[in-house]
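Asker: Enclosed is the structure file protein.cif (mmCIF, N, CA and C atoms and all ligand atoms).
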data_entry
loop_
_atom_site.label_atom_id
_atom_site.label_comp_id
_atom_site.auth_asym_id
_atom_site.auth_seq_id
_atom_site.Cartn_x
_atom_site.Cartn_y
_atom_site.Cartn_z
N MET J 10 65.08 -74.47 49.56
CA MET J 10 66.26 -75.33 49.60
C MET J 10 65.90 -76.68 48.99
N PRO J 11 66.63 -77.13 47.96
CA PRO J 11 66.27 -78.41 47.33
C PRO J 11 66.57 -79.59 48.25
N LYS J 12 65.70 -80.60 48.17
CA LYS J 12 65.92 -81.83 48.93
C LYS J 12 66.82 -82.73 48.08
N VAL J 13 67.90 -83.21 48.64
CA VAL J 13 68.84 -84.02 47.88
C VAL J 13 68.94 -85.41 48.48
N SER J 14 69.46 -86.34 47.69
CA SER J 14 69.66 -87.70 48.18
C SER J 14 71.02 -88.19 47.70
N CYS J 15 71.49 -89.26 48.31
CA CYS J 15 72.78 -89.83 47.94
C CYS J 15 72.78 -90.33 46.50
N GLU J 16 71.58 -90.70 45.98
CA GLU J 16 71.50 -91.21 44.61
C GLU J 16 71.85 -90.12 43.59
N GLU J 17 71.75 -88.87 43.98
CA GLU J 17 72.09 -87.75 43.10
C GLU J 17 73.51 -87.27 43.31
N CYS J 18 74.22 -87.88 44.22
CA CYS J 18 75.55 -87.39 44.59
C CYS J 18 76.63 -87.91 43.63
N TYR J 19 77.53 -87.04 43.27
CA TYR J 19 78.64 -87.41 42.38
C TYR J 19 79.38 -88.63 42.91
N PHE J 20 79.64 -88.66 44.19
CA PHE J 20 80.45 -89.74 44.76
C PHE J 20 79.73 -91.08 44.72
N ARG J 21 78.40 -91.08 44.91
CA ARG J 21 77.64 -92.33 44.84
C ARG J 21 77.52 -92.79 43.40
N VAL J 22 77.23 -91.86 42.50
CA VAL J 22 77.06 -92.19 41.08
C VAL J 22 78.33 -92.80 40.52
N ASN J 23 79.48 -92.34 40.97
CA ASN J 23 80.77 -92.83 40.46
C ASN J 23 81.42 -93.85 41.39
N LEU J 24 80.62 -94.41 42.28
CA LEU J 24 81.07 -95.47 43.19
C LEU J 24 82.28 -95.04 44.02
N LEU J 25 82.30 -93.79 44.39
CA LEU J 25 83.42 -93.26 45.17
C LEU J 25 83.07 -93.05 46.65
N CYS J 26 81.83 -93.31 46.99
CA CYS J 26 81.42 -93.07 48.38
C CYS J 26 81.56 -94.35 49.19
N ALA J 27 82.25 -94.25 50.32
CA ALA J 27 82.42 -95.39 51.21
C ALA J 27 81.57 -95.25 52.47
N LEU J 28 80.74 -94.25 52.49
CA LEU J 28 79.93 -94.00 53.68
C LEU J 28 78.62 -94.76 53.59
N ASP J 29 78.13 -95.20 54.72
CA ASP J 29 76.86 -95.91 54.79
C ASP J 29 75.96 -95.14 55.75
N LEU J 30 75.57 -93.96 55.30
CA LEU J 30 74.75 -93.09 56.13
C LEU J 30 73.31 -93.14 55.66
N GLY J 31 72.42 -92.78 56.52
CA GLY J 31 71.00 -92.79 56.16
C GLY J 31 70.57 -91.55 55.42
N GLU J 32 71.45 -90.58 55.35
CA GLU J 32 71.08 -89.32 54.70
C GLU J 32 72.32 -88.71 54.06
N PRO J 33 72.14 -87.78 53.13
CA PRO J 33 73.29 -87.14 52.49
C PRO J 33 74.15 -86.42 53.51
N CYS J 34 75.44 -86.43 53.26
CA CYS J 34 76.37 -85.77 54.19
C CYS J 34 76.84 -84.45 53.60
N THR J 35 77.69 -83.78 54.32
CA THR J 35 78.14 -82.46 53.91
C THR J 35 79.08 -82.51 52.71
N THR J 36 79.53 -83.71 52.33
CA THR J 36 80.40 -83.86 51.16
C THR J 36 79.60 -83.86 49.87
N PHE J 37 78.28 -83.87 49.96
CA PHE J 37 77.41 -83.97 48.79
C PHE J 37 77.84 -83.02 47.68
N ARG J 38 77.96 -83.59 46.47
CA ARG J 38 78.14 -82.79 45.25
C ARG J 38 77.19 -83.33 44.21
N PRO J 39 76.42 -82.50 43.55
CA PRO J 39 75.50 -83.00 42.53
C PRO J 39 76.26 -83.71 41.42
N ALA J 40 75.74 -84.85 40.99
CA ALA J 40 76.41 -85.62 39.93
C ALA J 40 76.50 -84.83 38.64
N HIS J 41 75.50 -83.98 38.37
CA HIS J 41 75.49 -83.23 37.11
C HIS J 41 76.53 -82.12 37.09
N ALA J 42 77.13 -81.80 38.21
CA ALA J 42 78.09 -80.70 38.27
C ALA J 42 79.45 -81.10 37.71
N GLU J 43 79.56 -82.39 37.27
CA GLU J 43 80.85 -82.89 36.76
C GLU J 43 81.90 -82.80 37.86
N LEU J 44 83.07 -83.31 37.58
CA LEU J 44 84.10 -83.27 38.62
C LEU J 44 84.94 -82.01 38.45
N GLN J 45 84.59 -81.05 39.20
CA GLN J 45 85.37 -79.83 39.28
C GLN J 45 85.84 -79.73 40.71
N PRO J 46 86.95 -79.11 40.90
CA PRO J 46 87.39 -78.97 42.29
C PRO J 46 86.29 -78.32 43.11
N PRO J 47 85.91 -78.95 44.21
CA PRO J 47 84.85 -78.36 45.01
C PRO J 47 85.31 -77.05 45.62
N GLN J 48 84.36 -76.19 45.79
CA GLN J 48 84.68 -74.94 46.45
C GLN J 48 85.12 -75.22 47.88
N GLN J 49 85.98 -74.40 48.33
CA GLN J 49 86.38 -74.51 49.73
C GLN J 49 85.13 -74.38 50.60
N LEU J 50 84.98 -75.28 51.54
CA LEU J 50 83.83 -75.17 52.42
C LEU J 50 83.87 -73.82 53.13
N ARG J 51 82.71 -73.25 53.21
CA ARG J 51 82.64 -71.93 53.84
C ARG J 51 82.27 -72.06 55.30
N PHE J 52 82.94 -71.32 56.11
CA PHE J 52 82.56 -71.27 57.51
C PHE J 52 81.32 -70.40 57.64
N VAL J 53 80.42 -70.85 58.46
CA VAL J 53 79.24 -70.04 58.77
C VAL J 53 79.36 -69.68 60.24
N PHE J 54 79.62 -68.45 60.51
CA PHE J 54 79.82 -68.03 61.88
C PHE J 54 78.49 -67.82 62.56
N ARG J 55 78.39 -68.36 63.73
CA ARG J 55 77.16 -68.26 64.49
C ARG J 55 77.24 -67.06 65.43
N GLN J 56 76.10 -66.50 65.62
CA GLN J 56 76.04 -65.32 66.49
C GLN J 56 75.59 -65.69 67.91
N GLU J 57 74.94 -66.87 68.02
CA GLU J 57 74.37 -67.18 69.33
C GLU J 57 75.42 -67.70 70.31
N ARG J 58 75.02 -68.37 71.29
CA ARG J 58 75.79 -68.75 72.47
C ARG J 58 77.22 -69.21 72.18
N ARG J 59 78.08 -68.94 73.08
CA ARG J 59 79.48 -69.29 72.94
C ARG J 59 79.78 -70.71 73.42
N THR J 60 78.79 -71.39 73.97
CA THR J 60 79.03 -72.74 74.46
C THR J 60 79.04 -73.74 73.31
N ARG J 61 78.63 -73.31 72.12
CA ARG J 61 78.66 -74.18 70.95
C ARG J 61 79.85 -73.81 70.08
N ALA J 62 80.12 -74.63 69.09
CA ALA J 62 81.17 -74.30 68.13
C ALA J 62 80.81 -73.00 67.44
N ALA J 63 81.81 -72.21 67.13
CA ALA J 63 81.57 -70.90 66.53
C ALA J 63 81.30 -71.00 65.04
N TRP J 64 81.39 -72.19 64.46
CA TRP J 64 81.19 -72.33 63.02
C TRP J 64 80.56 -73.68 62.75
N SER J 65 80.07 -73.87 61.53
CA SER J 65 79.54 -75.16 61.11
C SER J 65 79.74 -75.29 59.61
N PHE J 66 79.76 -76.51 59.12
CA PHE J 66 79.85 -76.73 57.69
C PHE J 66 78.46 -76.63 57.09
N PRO J 67 78.35 -76.28 55.82
CA PRO J 67 77.03 -76.22 55.20
C PRO J 67 76.41 -77.61 55.09
N THR J 68 75.09 -77.65 55.03
CA THR J 68 74.38 -78.91 54.90
C THR J 68 74.45 -79.40 53.46
N ALA J 69 74.03 -80.63 53.24
CA ALA J 69 73.98 -81.18 51.88
C ALA J 69 73.07 -80.34 51.00
N GLN J 70 71.97 -79.86 51.57
CA GLN J 70 71.02 -79.05 50.81
C GLN J 70 71.68 -77.73 50.40
N GLU J 71 72.47 -77.16 51.30
CA GLU J 71 73.15 -75.91 50.97
C GLU J 71 74.21 -76.15 49.91
N GLN J 72 74.89 -77.30 49.94
CA GLN J 72 75.86 -77.64 48.90
C GLN J 72 75.18 -77.75 47.55
N ALA J 73 73.99 -78.40 47.53
CA ALA J 73 73.26 -78.55 46.28
C ALA J 73 72.84 -77.20 45.73
N ALA J 74 72.45 -76.29 46.62
CA ALA J 74 72.01 -74.97 46.18
C ALA J 74 73.17 -74.20 45.54
N LEU J 75 74.40 -74.46 45.98
CA LEU J 75 75.55 -73.79 45.41
C LEU J 75 75.76 -74.18 43.95
N HIS J 76 75.34 -75.41 43.59
CA HIS J 76 75.56 -75.92 42.24
C HIS J 76 74.30 -75.86 41.39
N ALA J 77 73.23 -75.32 41.94
CA ALA J 77 71.95 -75.28 41.19
C ALA J 77 72.02 -74.28 40.06
S1 LIG F 1 76.09 -87.35 50.15
FE1 LIG F 1 77.78 -88.16 51.36
S2 LIG F 1 77.06 -90.16 52.02
FE2 LIG F 1 75.77 -89.53 50.31
S3 LIG F 1 76.74 -90.42 48.49
FE3 LIG F 1 77.49 -88.33 48.72
S4 LIG F 1 79.41 -88.54 49.85
FE4 LIG F 1 78.25 -90.45 50.12
#
Before we go any further, please render this structure as structure tokens.

Answerer:
Amino acid sequence: MPKVSCEECYFRVNLLCALDLGEPCTTFRPAHAELQPPQQLRFVFRQERRTRAAWSFPTAQEQAALHA
């Protein structure tokens, strides 16, 4: 899984990010991917305990892997 940073993110490169986070968020899109409509976020269904949410959004690293 590639390690990504906000400096590589399309939104930061184009001054479109208003977030002040210490790490890349799930909105991460590689700057080199150009502006194409992002894929619909995929639900990842969990198999373990029911006390947690049954789904989660992909991580920034997983988003980068989609555009690699
Ligand atoms: S990864 Fe998230 S926080 Fe970082 S620049 Fe992109 S949109 Fe902003």

Asker: Could I get the residue neighbourhood of ligand LIG 1 (chain F) at 7 Å, counting all atoms listed in the file, as an MDAnalysis selection string?

Answerer: chainID J and resid 14:22 25:38 69

Asker: Quick one: pick out all helix (DSSP H, G or I) residues within chain J from a backbone DSSP run and write them as number ranges by chain.

Answerer: J: 15-17, 19-22, 40-42, 69-76

Asker: Output N, CA and C atoms for every residue in the selection just made, as a PDB file, keeping the file's coordinate frame.

Answerer:
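Saved result, part_32.pdb, follows:
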ATOM      1  N   CYS J  15      71.490 -89.260  48.310  1.00  0.00           N
ATOM      2  CA  CYS J  15      72.780 -89.830  47.940  1.00  0.00           C
ATOM      3  C   CYS J  15      72.780 -90.330  46.500  1.00  0.00           C
ATOM      4  N   GLU J  16      71.580 -90.700  45.980  1.00  0.00           N
ATOM      5  CA  GLU J  16      71.500 -91.210  44.610  1.00  0.00           C
ATOM      6  C   GLU J  16      71.850 -90.120  43.590  1.00  0.00           C
ATOM      7  N   GLU J  17      71.750 -88.870  43.980  1.00  0.00           N
ATOM      8  CA  GLU J  17      72.090 -87.750  43.100  1.00  0.00           C
ATOM      9  C   GLU J  17      73.510 -87.270  43.310  1.00  0.00           C
ATOM     10  N   TYR J  19      77.530 -87.040  43.270  1.00  0.00           N
ATOM     11  CA  TYR J  19      78.640 -87.410  42.380  1.00  0.00           C
ATOM     12  C   TYR J  19      79.380 -88.630  42.910  1.00  0.00           C
ATOM     13  N   PHE J  20      79.640 -88.660  44.190  1.00  0.00           N
ATOM     14  CA  PHE J  20      80.450 -89.740  44.760  1.00  0.00           C
ATOM     15  C   PHE J  20      79.730 -91.080  44.720  1.00  0.00           C
ATOM     16  N   ARG J  21      78.400 -91.080  44.910  1.00  0.00           N
ATOM     17  CA  ARG J  21      77.640 -92.330  44.840  1.00  0.00           C
ATOM     18  C   ARG J  21      77.520 -92.790  43.400  1.00  0.00           C
ATOM     19  N   VAL J  22      77.230 -91.860  42.500  1.00  0.00           N
ATOM     20  CA  VAL J  22      77.060 -92.190  41.080  1.00  0.00           C
ATOM     21  C   VAL J  22      78.330 -92.800  40.520  1.00  0.00           C
ATOM     22  N   ALA J  40      75.740 -84.850  40.990  1.00  0.00           N
ATOM     23  CA  ALA J  40      76.410 -85.620  39.930  1.00  0.00           C
ATOM     24  C   ALA J  40      76.500 -84.830  38.640  1.00  0.00           C
ATOM     25  N   HIS J  41      75.500 -83.980  38.370  1.00  0.00           N
ATOM     26  CA  HIS J  41      75.490 -83.230  37.110  1.00  0.00           C
ATOM     27  C   HIS J  41      76.530 -82.120  37.090  1.00  0.00           C
ATOM     28  N   ALA J  42      77.130 -81.800  38.210  1.00  0.00           N
ATOM     29  CA  ALA J  42      78.090 -80.700  38.270  1.00  0.00           C
ATOM     30  C   ALA J  42      79.450 -81.100  37.710  1.00  0.00           C
ATOM     31  N   ALA J  69      74.030 -80.630  53.240  1.00  0.00           N
ATOM     32  CA  ALA J  69      73.980 -81.180  51.880  1.00  0.00           C
ATOM     33  C   ALA J  69      73.070 -80.340  51.000  1.00  0.00           C
ATOM     34  N   GLN J  70      71.970 -79.860  51.570  1.00  0.00           N
ATOM     35  CA  GLN J  70      71.020 -79.050  50.810  1.00  0.00           C
ATOM     36  C   GLN J  70      71.680 -77.730  50.400  1.00  0.00           C
ATOM     37  N   GLU J  71      72.470 -77.160  51.300  1.00  0.00           N
ATOM     38  CA  GLU J  71      73.150 -75.910  50.970  1.00  0.00           C
ATOM     39  C   GLU J  71      74.210 -76.150  49.910  1.00  0.00           C
ATOM     40  N   GLN J  72      74.890 -77.300  49.940  1.00  0.00           N
ATOM     41  CA  GLN J  72      75.860 -77.640  48.900  1.00  0.00           C
ATOM     42  C   GLN J  72      75.180 -77.750  47.550  1.00  0.00           C
ATOM     43  N   ALA J  73      73.990 -78.400  47.530  1.00  0.00           N
ATOM     44  CA  ALA J  73      73.260 -78.550  46.280  1.00  0.00           C
ATOM     45  C   ALA J  73      72.840 -77.200  45.730  1.00  0.00           C
ATOM     46  N   ALA J  74      72.450 -76.290  46.620  1.00  0.00           N
ATOM     47  CA  ALA J  74      72.010 -74.970  46.180  1.00  0.00           C
ATOM     48  C   ALA J  74      73.170 -74.200  45.540  1.00  0.00           C
ATOM     49  N   LEU J  75      74.400 -74.460  45.980  1.00  0.00           N
ATOM     50  CA  LEU J  75      75.550 -73.790  45.410  1.00  0.00           C
ATOM     51  C   LEU J  75      75.760 -74.180  43.950  1.00  0.00           C
ATOM     52  N   HIS J  76      75.340 -75.410  43.590  1.00  0.00           N
ATOM     53  CA  HIS J  76      75.560 -75.920  42.240  1.00  0.00           C
ATOM     54  C   HIS J  76      74.300 -75.860  41.390  1.00  0.00           C
TER      55      HIS J  76
END

Asker: Select, from J:Ala73, J:Lys12, J:Pro67, J:Leu24, the residue with the minimum atom-to-atom distance to Phe52 (chain J), counting only C-alpha atoms.

Answerer: J:Pro67

Asker: Looking at J:Pro11, J:Arg51, J:Asn23, J:Pro39, which one is nearest to Phe66 (chain J), with distances taken over all atoms listed in the file?

Answerer: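 Nearest to Phe66 (chain J): J:Arg51.
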
Asker: State, in Å with one decimal place, the distance from atom N of Trp64 (chain J) to atom C of His41 (chain J).

Answerer: 29.5 Å
